[in-house]
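*Asks:* To start, I am sharing the structure in question, which I have written as structure tokens.
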Amino acid sequence: MSDRTSVLLIAIQGVKLHEYERYLFKVGEYAFEWMAKDIPALGDQSPAVYLETEEGAQALRAAIMRMPR
């Protein structure tokens, strides 16, 4: 088991593994949808468009950091 996997498993103590896997699947599914969606905060462009250049990737990173948590 990798260190990353160990940390994830420790972080979800008390949660059944199948529930955790289902959660990760939903998050991953949403992330793929979000990457293709036009986002108003990104000038109505998709995040995928921003990843086409280094400058765009930096702008996307900055926009994500400004998102409320």
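Chain lettering (A, B, ...) mirrors the order of the structure tokens, residue numbering begins at 1 for each chain separately, and ligand numbering begins at 1 in order of display.
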Considering only C-alpha atoms, return as a tab-separated table (two decimals) with C-alpha atoms, in the first residue's frame whatever protein or nucleic-acid residues lie within 8 Å of Ala48 (chain A), sequence-local ones (same chain, fewer than 3 positions apart) excluded.

*Replies:*
chain	number	residue	atom	x	y	z
A	35	MET	CA	-13.51	20.52	-16.97
A	36	ALA	CA	-15.74	20.58	-20.08
A	51	LEU	CA	-4.94	23.98	-19.64
A	52	GLU	CA	-3.81	24.36	-23.24

*Asks:* Using CA of Glu55 (chain A) and CA of Gly28 (chain A) as the two end points, give the distance in Å to one decimal.

*Replies:*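 That distance, rounded to one decimal, is 24.7 Å.
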
*Asks:* In Å to one decimal, how far is CA of Ala59 (chain A) from CA of Asp38 (chain A)?

*Replies:*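 Those two atoms sit 15.1 Å apart.
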
*Asks:* Kindly give the distance, in Å, that separates CA of Tyr50 (chain A) and CA of Arg69 (chain A), rounded to a single decimal.

*Replies:*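 Those two atoms sit 21.3 Å apart.
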